[in-house]
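So the structure is just underneath, and the comments pick up after that.
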Amino acid sequence: MSSCPEEIVDLMHDYLDEDISAEDEMKLKHHLQTCPSCQQYLHQLKNAVGMVQGISHIKAPDGFTSQVMAKLPKERKKVGFQR
Amino acid sequence: MDLIVNKRIKQVIKGDQNAFSEIVELYKDKVYQVCYRILGNRHEAEDIAQEAFIRAYINIESFNQSRKFSTWLYRIATNLCIDRIRKKKPDYYLDAEVSGTDGLTMYSQVAADVALPEEKLEKMELRDNVHKEILKLPQKYRTVIVLKYIEELSLNEISEILDLPLGTVKTRMHRGREALRKQLGKL
């Protein structure tokens, strides 16, 4: 597992960032075809990302907006009682 | 969306405070979520998310309307989160998290009347554990991971929000993913 070349691991991250040149992508694909441990490594990275994406999206608590509105300073503008 | 937001911002600047509530409505879930995933507990997340909106309101005139409002807002929120983390003692923080089971508590509240099927419960436990593993990441990795994979922002946006060069964001993303690969592989 520890045998994955650092250069290839870097390419995996470029690939996951969708920031990889066509040339590098070919290189990565070629390597993956012949290297099961790198395949597994990339799979683990994708899995980790998928798990993070899979935690459910949560919403702000009830009454959030009214609480914010109640806490706003009364007047932003200085123009209040000018004559 | 940006058009509506800019219109509301102009109203707020003119002194119409109510126009701000629409802005809060539009962004509250995003801001709350980012605070929750970075800070780890609901009470603090609510506190900081509210503070972020209050700061945005007070400083609204300094927002450049040719830019994206959400980027500016995320920037305020993440800065507040990072400040909050820096002020805490790290040990206390980790302890609080381990005993928390925050997510589970929330889920069981939601499903109080309904009997939970085994499978569903397992999924909730898994999410709860993923949440905790994210919290174990060092703050600088956690922040980029949350913005990218939970808020679904681009690397460019993240670099703008955090005021970091793109290369730094990529390095942190890379290290964050490496850490998660190891941590989540055990789940």
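Labeling convention for the structure tokens: chains A, B, ... as they appear, residues from 1 per chain, ligands from 1 in order of appearance.
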
Distance table requested - chain B against chain A, cut-off 9 Å, only C-alpha atoms: one row per qualifying residue with the closest atom pair and its distance in Å to one decimal, ordered by chain and rising residue number, as JSON lines.
{"residue": "B:Val12", "atom": "CA", "partner": "A:Arg76", "partner_atom": "CA", "distance": 8.9}
{"residue": "B:Ile13", "atom": "CA", "partner": "A:Lys77", "partner_atom": "CA", "distance": 8.1}
{"residue": "B:Lys14", "atom": "CA", "partner": "A:Lys77", "partner_atom": "CA", "distance": 8.0}
{"residue": "B:Gly15", "atom": "CA", "partner": "A:Lys77", "partner_atom": "CA", "distance": 6.3}
{"residue": "B:Gln17", "atom": "CA", "partner": "A:Met69", "partner_atom": "CA", "distance": 8.3}
{"residue": "B:Asn18", "atom": "CA", "partner": "A:Met69", "partner_atom": "CA", "distance": 8.0}
{"residue": "B:Phe20", "atom": "CA", "partner": "A:Met69", "partner_atom": "CA", "distance": 7.9}
{"residue": "B:Ser21", "atom": "CA", "partner": "A:Thr65", "partner_atom": "CA", "distance": 6.4}
{"residue": "B:Glu22", "atom": "CA", "partner": "A:Thr65", "partner_atom": "CA", "distance": 8.6}
{"residue": "B:Val24", "atom": "CA", "partner": "A:Thr65", "partner_atom": "CA", "distance": 6.0}
{"residue": "B:Glu25", "atom": "CA", "partner": "A:Thr65", "partner_atom": "CA", "distance": 6.3}
{"residue": "B:Lys28", "atom": "CA", "partner": "A:Ala60", "partner_atom": "CA", "distance": 6.1}
{"residue": "B:Asp29", "atom": "CA", "partner": "A:Lys59", "partner_atom": "CA", "distance": 4.8}
{"residue": "B:Lys30", "atom": "CA", "partner": "A:Lys59", "partner_atom": "CA", "distance": 7.8}
{"residue": "B:Val31", "atom": "CA", "partner": "A:Ala60", "partner_atom": "CA", "distance": 8.2}
{"residue": "B:Tyr32", "atom": "CA", "partner": "A:Ala60", "partner_atom": "CA", "distance": 5.5}
{"residue": "B:Gln33", "atom": "CA", "partner": "A:Ile58", "partner_atom": "CA", "distance": 6.2}
{"residue": "B:Tyr36", "atom": "CA", "partner": "A:Ile58", "partner_atom": "CA", "distance": 8.9}
{"residue": "B:Arg42", "atom": "CA", "partner": "A:Pro61", "partner_atom": "CA", "distance": 8.9}
{"residue": "B:Glu46", "atom": "CA", "partner": "A:Ala60", "partner_atom": "CA", "distance": 7.6}
{"residue": "B:Ala49", "atom": "CA", "partner": "A:Ala60", "partner_atom": "CA", "distance": 8.9}
{"residue": "B:Gln50", "atom": "CA", "partner": "A:Val68", "partner_atom": "CA", "distance": 5.7}
{"residue": "B:Glu51", "atom": "CA", "partner": "A:Val68", "partner_atom": "CA", "distance": 8.0}
{"residue": "B:Phe53", "atom": "CA", "partner": "A:Val68", "partner_atom": "CA", "distance": 7.1}
{"residue": "B:Ile54", "atom": "CA", "partner": "A:Leu72", "partner_atom": "CA", "distance": 6.0}
{"residue": "B:Tyr57", "atom": "CA", "partner": "A:Leu72", "partner_atom": "CA", "distance": 7.6}
{"residue": "B:Ile58", "atom": "CA", "partner": "A:Arg76", "partner_atom": "CA", "distance": 7.0}
{"residue": "B:Met124", "atom": "CA", "partner": "A:Ile55", "partner_atom": "CA", "distance": 8.7}
{"residue": "B:Leu126", "atom": "CA", "partner": "A:Ile55", "partner_atom": "CA", "distance": 8.5}
{"residue": "B:Arg127", "atom": "CA", "partner": "A:Ile55", "partner_atom": "CA", "distance": 5.1}
{"residue": "B:Asp128", "atom": "CA", "partner": "A:Ile55", "partner_atom": "CA", "distance": 8.0}
{"residue": "B:Val130", "atom": "CA", "partner": "A:Val52", "partner_atom": "CA", "distance": 6.6}
{"residue": "B:His131", "atom": "CA", "partner": "A:Ile55", "partner_atom": "CA", "distance": 7.3}
{"residue": "B:Ile134", "atom": "CA", "partner": "A:Val52", "partner_atom": "CA", "distance": 7.9}
{"residue": "B:Ile145", "atom": "CA", "partner": "A:Val52", "partner_atom": "CA", "distance": 8.5}
{"residue": "B:Val146", "atom": "CA", "partner": "A:Val52", "partner_atom": "CA", "distance": 8.3}
{"residue": "B:Tyr149", "atom": "CA", "partner": "A:Gln53", "partner_atom": "CA", "distance": 5.5}
{"residue": "B:Ile150", "atom": "CA", "partner": "A:Gln53", "partner_atom": "CA", "distance": 5.8}
{"residue": "B:Glu152", "atom": "CA", "partner": "A:Gln53", "partner_atom": "CA", "distance": 8.8}
{"residue": "B:Leu155", "atom": "CA", "partner": "A:Asp17", "partner_atom": "CA", "distance": 8.0}
{"residue": "B:Lys170", "atom": "CA", "partner": "A:Asp17", "partner_atom": "CA", "distance": 8.0}
{"residue": "B:Met173", "atom": "CA", "partner": "A:His13", "partner_atom": "CA", "distance": 8.4}
{"residue": "B:His174", "atom": "CA", "partner": "A:His13", "partner_atom": "CA", "distance": 6.0}
{"residue": "B:Arg177", "atom": "CA", "partner": "A:Leu45", "partner_atom": "CA", "distance": 6.6}
{"residue": "B:Glu178", "atom": "CA", "partner": "A:Leu45", "partner_atom": "CA", "distance": 7.2}
{"residue": "B:Leu180", "atom": "CA", "partner": "A:Ala48", "partner_atom": "CA", "distance": 5.9}
{"residue": "B:Arg181", "atom": "CA", "partner": "A:Leu45", "partner_atom": "CA", "distance": 5.3}
{"residue": "B:Lys182", "atom": "CA", "partner": "A:Gln44", "partner_atom": "CA", "distance": 8.4}
{"residue": "B:Gln183", "atom": "CA", "partner": "A:Ala48", "partner_atom": "CA", "distance": 8.6}
{"residue": "B:Leu184", "atom": "CA", "partner": "A:Ala48", "partner_atom": "CA", "distance": 6.0}
{"residue": "B:Gly185", "atom": "CA", "partner": "A:Gln44", "partner_atom": "CA", "distance": 6.9}

Would you mind exporting the chosen residues as a short mmCIF file (atom, residue, chain, number, x, y, z; two decimals), in the first residue's frame, restricted to N, CA and C atoms?
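Once written, out-v3.cif looks like this:
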data_model
loop_
_atom_site.label_atom_id
_atom_site.label_comp_id
_atom_site.auth_asym_id
_atom_site.auth_seq_id
_atom_site.Cartn_x
_atom_site.Cartn_y
_atom_site.Cartn_z
N VAL B 12 -31.15 48.02 1.82
CA VAL B 12 -30.60 48.04 3.18
C VAL B 12 -29.76 49.29 3.39
N ILE B 13 -28.93 49.60 2.40
CA ILE B 13 -28.07 50.78 2.51
C ILE B 13 -28.90 52.06 2.64
N LYS B 14 -30.06 52.05 1.96
CA LYS B 14 -30.94 53.23 2.06
C LYS B 14 -31.64 53.32 3.41
N GLY B 15 -31.51 52.25 4.21
CA GLY B 15 -32.10 52.31 5.54
C GLY B 15 -33.26 51.35 5.77
N GLN B 17 -34.23 48.23 6.86
CA GLN B 17 -33.67 47.08 7.57
C GLN B 17 -34.35 45.77 7.18
N ASN B 18 -35.65 45.83 6.94
CA ASN B 18 -36.39 44.60 6.62
C ASN B 18 -35.89 43.89 5.37
N PHE B 20 -33.09 43.24 4.69
CA PHE B 20 -32.00 42.35 5.07
C PHE B 20 -32.50 40.95 5.42
N SER B 21 -33.73 40.86 5.89
CA SER B 21 -34.24 39.54 6.30
C SER B 21 -34.31 38.58 5.11
N GLU B 22 -34.57 39.13 3.95
CA GLU B 22 -34.60 38.28 2.76
C GLU B 22 -33.21 37.71 2.43
N VAL B 24 -30.90 37.17 4.67
CA VAL B 24 -30.64 36.13 5.69
C VAL B 24 -31.34 34.83 5.30
N GLU B 25 -32.58 34.93 4.89
CA GLU B 25 -33.33 33.75 4.47
C GLU B 25 -32.61 32.98 3.35
N LYS B 28 -29.04 31.60 4.99
CA LYS B 28 -28.88 31.10 6.37
C LYS B 28 -28.42 29.64 6.43
N ASP B 29 -28.98 28.79 5.57
CA ASP B 29 -28.62 27.37 5.65
C ASP B 29 -27.15 27.14 5.28
N LYS B 30 -26.72 27.83 4.24
CA LYS B 30 -25.32 27.69 3.81
C LYS B 30 -24.36 28.15 4.90
N VAL B 31 -24.66 29.32 5.45
CA VAL B 31 -23.76 29.88 6.45
C VAL B 31 -23.77 29.03 7.72
N TYR B 32 -24.96 28.61 8.12
CA TYR B 32 -25.05 27.78 9.32
C TYR B 32 -24.31 26.46 9.12
N GLN B 33 -24.51 25.88 7.97
CA GLN B 33 -23.87 24.59 7.71
C GLN B 33 -22.35 24.67 7.74
N TYR B 36 -21.30 24.96 11.27
CA TYR B 36 -21.50 23.71 12.00
C TYR B 36 -20.42 22.68 11.67
N ARG B 42 -23.75 22.58 17.44
CA ARG B 42 -24.86 23.37 16.92
C ARG B 42 -25.00 24.71 17.60
N GLU B 46 -24.70 28.21 15.58
CA GLU B 46 -25.79 29.18 15.50
C GLU B 46 -25.30 30.57 15.91
N ALA B 49 -22.93 31.89 13.17
CA ALA B 49 -23.66 32.18 11.93
C ALA B 49 -24.46 33.47 12.08
N GLN B 50 -25.07 33.64 13.23
CA GLN B 50 -25.82 34.89 13.47
C GLN B 50 -24.87 36.09 13.46
N GLU B 51 -23.75 35.90 14.13
CA GLU B 51 -22.75 36.97 14.19
C GLU B 51 -22.29 37.35 12.77
N PHE B 53 -23.98 37.24 10.00
CA PHE B 53 -24.98 38.08 9.34
C PHE B 53 -25.00 39.50 9.94
N ILE B 54 -24.83 39.57 11.24
CA ILE B 54 -24.82 40.90 11.87
C ILE B 54 -23.63 41.73 11.34
N TYR B 57 -24.31 42.88 7.89
CA TYR B 57 -25.24 44.01 7.92
C TYR B 57 -24.52 45.32 8.25
N ILE B 58 -23.73 45.26 9.30
CA ILE B 58 -23.03 46.47 9.74
C ILE B 58 -22.07 46.99 8.66
N MET B 124 -27.24 6.82 9.93
CA MET B 124 -27.09 8.00 10.77
C MET B 124 -25.82 7.94 11.59
N LEU B 126 -23.17 6.38 10.78
CA LEU B 126 -22.06 6.61 9.86
C LEU B 126 -21.85 8.10 9.63
N ARG B 127 -22.94 8.81 9.37
CA ARG B 127 -22.84 10.26 9.15
C ARG B 127 -22.26 10.97 10.36
N ASP B 128 -22.74 10.53 11.51
CA ASP B 128 -22.25 11.11 12.74
C ASP B 128 -20.74 10.89 12.86
N VAL B 130 -18.64 10.32 10.36
CA VAL B 130 -17.94 11.11 9.33
C VAL B 130 -17.79 12.55 9.81
N HIS B 131 -18.85 13.08 10.37
CA HIS B 131 -18.81 14.44 10.92
C HIS B 131 -17.68 14.59 11.94
N ILE B 134 -14.23 14.52 10.30
CA ILE B 134 -13.92 15.83 9.68
C ILE B 134 -13.41 16.79 10.75
N ILE B 145 -11.88 21.46 3.00
CA ILE B 145 -12.67 20.26 2.71
C ILE B 145 -14.17 20.57 2.83
N VAL B 146 -14.54 21.30 3.87
CA VAL B 146 -15.95 21.66 4.07
C VAL B 146 -16.45 22.55 2.93
N TYR B 149 -16.45 20.13 -0.39
CA TYR B 149 -17.29 18.95 -0.51
C TYR B 149 -18.65 19.06 0.16
N ILE B 150 -18.81 20.00 1.04
CA ILE B 150 -20.13 20.17 1.64
C ILE B 150 -20.83 21.38 1.02
N GLU B 152 -19.80 22.68 -1.83
CA GLU B 152 -19.66 22.50 -3.28
C GLU B 152 -19.15 23.75 -4.01
N LEU B 155 -12.48 25.64 -6.40
CA LEU B 155 -11.20 25.96 -5.76
C LEU B 155 -10.91 27.46 -5.85
N LYS B 170 -4.95 24.16 -2.95
CA LYS B 170 -4.77 22.81 -3.50
C LYS B 170 -3.96 21.92 -2.56
N MET B 173 -6.12 20.95 0.31
CA MET B 173 -7.13 20.00 -0.14
C MET B 173 -6.51 18.61 -0.23
N HIS B 174 -5.36 18.57 -0.83
CA HIS B 174 -4.60 17.34 -1.01
C HIS B 174 -4.32 16.68 0.35
N ARG B 177 -7.56 15.49 2.06
CA ARG B 177 -8.06 14.23 1.49
C ARG B 177 -7.22 13.04 1.94
N GLU B 178 -5.91 13.25 2.01
CA GLU B 178 -5.04 12.17 2.48
C GLU B 178 -5.42 11.76 3.90
N LEU B 180 -8.25 12.23 5.42
CA LEU B 180 -9.58 11.60 5.44
C LEU B 180 -9.53 10.17 4.91
N ARG B 181 -8.69 9.95 3.93
CA ARG B 181 -8.54 8.59 3.38
C ARG B 181 -8.15 7.63 4.50
N LYS B 182 -7.20 8.06 5.30
CA LYS B 182 -6.74 7.20 6.40
C LYS B 182 -7.82 7.08 7.48
N GLN B 183 -8.39 8.22 7.87
CA GLN B 183 -9.36 8.20 8.98
C GLN B 183 -10.65 7.49 8.60
N LEU B 184 -11.15 7.78 7.42
CA LEU B 184 -12.46 7.23 7.04
C LEU B 184 -12.34 5.78 6.57
N GLY B 185 -11.15 5.39 6.19
CA GLY B 185 -10.94 4.00 5.78
C GLY B 185 -11.25 3.02 6.90
#

- request: Mind the document's chain letters and residue numbers, and return as a PyMOL selection string the residues of chain A that DSSP labels alpha helix (DSSP H).
  value: chain A and resi 6-16+22-34+36-54+64-71

Residues of the last selection are to be written out with C-alpha atoms, as a CSV table (one decimal), in the first residue's frame.
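Contents of result.csv, as written:
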chain,number,residue,atom,x,y,z
A,6,GLU,CA,4.3,10.0,-4.8
A,7,GLU,CA,4.1,11.4,-8.3
A,8,ILE,CA,1.1,9.2,-9.1
A,9,VAL,CA,-0.6,10.2,-5.9
A,10,ASP,CA,-0.1,13.8,-6.8
A,11,LEU,CA,-1.8,13.2,-10.1
A,12,MET,CA,-4.7,11.5,-8.3
A,13,HIS,CA,-5.2,14.7,-6.4
A,14,ASP,CA,-5.0,16.8,-9.5
A,15,TYR,CA,-7.5,14.5,-11.1
A,16,LEU,CA,-9.9,14.8,-8.1
A,22,ALA,CA,-4.7,15.5,-20.8
A,23,GLU,CA,-1.2,14.3,-20.8
A,24,ASP,CA,-1.1,13.7,-17.1
A,25,GLU,CA,-4.4,12.1,-17.1
A,26,MET,CA,-3.2,9.6,-19.7
A,27,LYS,CA,-0.2,8.9,-17.6
A,28,LEU,CA,-2.3,8.3,-14.5
A,29,LYS,CA,-4.7,6.0,-16.4
A,30,HIS,CA,-1.8,4.0,-17.8
A,31,HIS,CA,-0.3,3.6,-14.4
A,32,LEU,CA,-3.6,2.6,-12.8
A,33,GLN,CA,-4.1,-0.1,-15.4
A,34,THR,CA,-1.0,-1.9,-14.3
A,36,PRO,CA,-3.7,-2.6,-8.3
A,37,SER,CA,-2.3,-0.8,-5.2
A,38,CYS,CA,-2.7,2.6,-6.9
A,39,GLN,CA,-6.2,1.6,-8.0
A,40,GLN,CA,-7.1,0.8,-4.5
A,41,TYR,CA,-5.5,4.1,-3.2
A,42,LEU,CA,-7.6,6.2,-5.6
A,43,HIS,CA,-10.6,4.2,-4.7
A,44,GLN,CA,-10.0,5.0,-1.0
A,45,LEU,CA,-9.6,8.7,-1.8
A,46,LYS,CA,-12.9,8.7,-3.8
A,47,ASN,CA,-14.6,6.9,-1.0
A,48,ALA,CA,-13.5,9.4,1.6
A,49,VAL,CA,-14.7,12.2,-0.6
A,50,GLY,CA,-18.0,10.4,-1.2
A,51,MET,CA,-18.5,9.9,2.5
A,52,VAL,CA,-18.0,13.6,3.2
A,53,GLN,CA,-20.4,14.6,0.4
A,54,GLY,CA,-22.9,12.1,1.8
A,64,PHE,CA,-32.8,31.9,12.8
A,65,THR,CA,-33.8,34.9,10.7
A,66,SER,CA,-36.0,36.6,13.2
A,67,GLN,CA,-33.2,36.2,15.8
A,68,VAL,CA,-30.7,37.8,13.5
A,69,MET,CA,-33.1,40.6,12.7
A,70,ALA,CA,-33.8,41.2,16.4
A,71,LYS,CA,-30.0,41.5,17.1

field: Atom-to-atom span, atom CA of B:Lys136 and atom CA of B:Ser154, Å
entry: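 Between these atoms lies a distance of 23.2 Å.
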
- prompt: What is the distance between atom CA of B:Lys132 and atom CA of B:Asp163, in Å to one decimal?
  reply: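 Rounded to one decimal, the two atoms are 26.4 Å apart.
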
- request: Tell me which of B:Leu39, B:Ile85, B:Leu135, B:Leu3 sits closest to B:Ser66, counting only C-alpha atoms.
  value: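 Going through B:Leu39, B:Ile85, B:Leu135, B:Leu3 one by one, the smallest distance to B:Ser66 is for B:Leu3.
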